[in-house]
Amino acid sequence: MSQLYVNNIKSRVGGAVSFTQGIISAGATFSGNVSVGGTLTYEDVTNIDSVGIVTARTGIKVLAGDIVVGTALTINQTGINAVGVVTASSVSASSVSATSFTGSGSQLTGLEQRSWLFG
C-alpha cells in the first residue's frame, strides 16, 4: 500500500482541490465550515449534538425522555404539565385539572345542569 505524507495539497490551477472519485477515511477533523453538496442521511451520522432551532417537514418525534421548556412546561408520555397561565383557543382532553379556572364558562358544553345547585 502506498502512503503519501504531505502538509498541504494545492490545486495547480488555483481554487479548491477536487476529489472526483471521493475520499475514504476512518476519521477527519475540520477546522472550518463543512458543506454537503448531496444528501446527508441518518445512516451517515451516528451522534450529532445540536443546539438551536428545530425545523421539521412533518413533525417532531421524541422517542425517549421528556420535552422540557424552561421550568413551566413538560411534555411526556403521561401528558402535558404546564405551570402558570395557559391560554388556548381550543382544548381537547379527557380531563383537565387546575387550581383555578377563570372566565364565565358560558361557552362550556356537555355539562349536566343540577337542579339542586340552582334551587
# chains A, B, ... in the order shown; residues from 1 in each chain; ligands from 1
$ select_by_dssp --residues "range 18-119 of chain A" --states "strand (DSSP E)" --output "PDB file with N, CA and C atoms, in the first residue's frame"
ATOM      1  N   ILE A  67     -39.893  16.401  26.916  1.00  0.00           N
ATOM      2  CA  ILE A  67     -39.615  17.705  26.332  1.00  0.00           C
ATOM      3  C   ILE A  67     -39.860  18.709  27.444  1.00  0.00           C
ATOM      4  N   VAL A  68     -38.851  19.451  27.835  1.00  0.00           N
ATOM      5  CA  VAL A  68     -38.959  20.405  28.937  1.00  0.00           C
ATOM      6  C   VAL A  68     -38.625  21.784  28.392  1.00  0.00           C
ATOM      7  N   VAL A  69     -39.553  22.724  28.598  1.00  0.00           N
ATOM      8  CA  VAL A  69     -39.347  24.099  28.159  1.00  0.00           C
ATOM      9  C   VAL A  69     -39.229  24.944  29.419  1.00  0.00           C
ATOM     10  N   LEU A  73     -43.091  24.150  31.435  1.00  0.00           N
ATOM     11  CA  LEU A  73     -43.798  23.205  30.573  1.00  0.00           C
ATOM     12  C   LEU A  73     -43.013  21.913  30.428  1.00  0.00           C
ATOM     13  N   THR A  74     -43.699  20.804  30.681  1.00  0.00           N
ATOM     14  CA  THR A  74     -43.122  19.479  30.479  1.00  0.00           C
ATOM     15  C   THR A  74     -44.101  18.642  29.684  1.00  0.00           C
ATOM     16  N   ILE A  75     -43.625  18.001  28.626  1.00  0.00           N
ATOM     17  CA  ILE A  75     -44.445  17.112  27.810  1.00  0.00           C
ATOM     18  C   ILE A  75     -43.778  15.746  27.826  1.00  0.00           C
ATOM     19  N   ASN A  76     -44.552  14.728  28.211  1.00  0.00           N
ATOM     20  CA  ASN A  76     -44.016  13.373  28.202  1.00  0.00           C
ATOM     21  C   ASN A  76     -45.131  12.382  27.882  1.00  0.00           C
ATOM     22  N   GLY A  79     -48.518  12.971  29.742  1.00  0.00           N
ATOM     23  CA  GLY A  79     -49.328  14.152  29.484  1.00  0.00           C
ATOM     24  C   GLY A  79     -48.517  15.419  29.390  1.00  0.00           C
ATOM     25  N   ILE A  80     -49.219  16.527  29.543  1.00  0.00           N
ATOM     26  CA  ILE A  80     -48.617  17.852  29.483  1.00  0.00           C
ATOM     27  C   ILE A  80     -48.795  18.509  30.838  1.00  0.00           C
ATOM     28  N   ASN A  81     -47.727  18.988  31.421  1.00  0.00           N
ATOM     29  CA  ASN A  81     -47.777  19.668  32.705  1.00  0.00           C
ATOM     30  C   ASN A  81     -47.321  21.104  32.489  1.00  0.00           C
ATOM     31  N   ALA A  82     -48.250  22.049  32.666  1.00  0.00           N
ATOM     32  CA  ALA A  82     -47.928  23.463  32.480  1.00  0.00           C
ATOM     33  C   ALA A  82     -48.091  24.189  33.800  1.00  0.00           C
TER      34      ALA A  82
END
$ select_by_dssp --residues "chain A" --states "helix (DSSP H, G or I)" --output "JSON, numbers by chain"
{"A": [42, 43, 44, 115, 116, 117, 118]}
$ write_last_selection --atoms "C-alpha atoms" --output "compact mmCIF listing (two decimals), in the first residue's frame"
# COMPACT_ATOMS: atom_id res chain seq x y z
CA TYR A 42 -29.37 9.23 9.14
CA GLU A 43 -27.06 6.35 8.23
CA ASP A 44 -24.28 8.85 7.50
CA SER A 115 -81.37 21.28 39.88
CA TRP A 116 -80.19 21.19 43.48
CA LEU A 117 -77.49 23.68 42.56
CA PHE A 118 -79.91 26.27 41.18
$ atom_distance --atom1 "CA of Gly22 in chain A" --atom2 "CA of Thr41 in chain A"
17.1 Å
$ atom_distance --atom1 "CA of Ser90 in chain A" --atom2 "CA of Gly59 in chain A"
20.1 Å
$ atom_distance --atom1 "CA of Gln113 in chain A" --atom2 "CA of Val85 in chain A"
28.1 Å
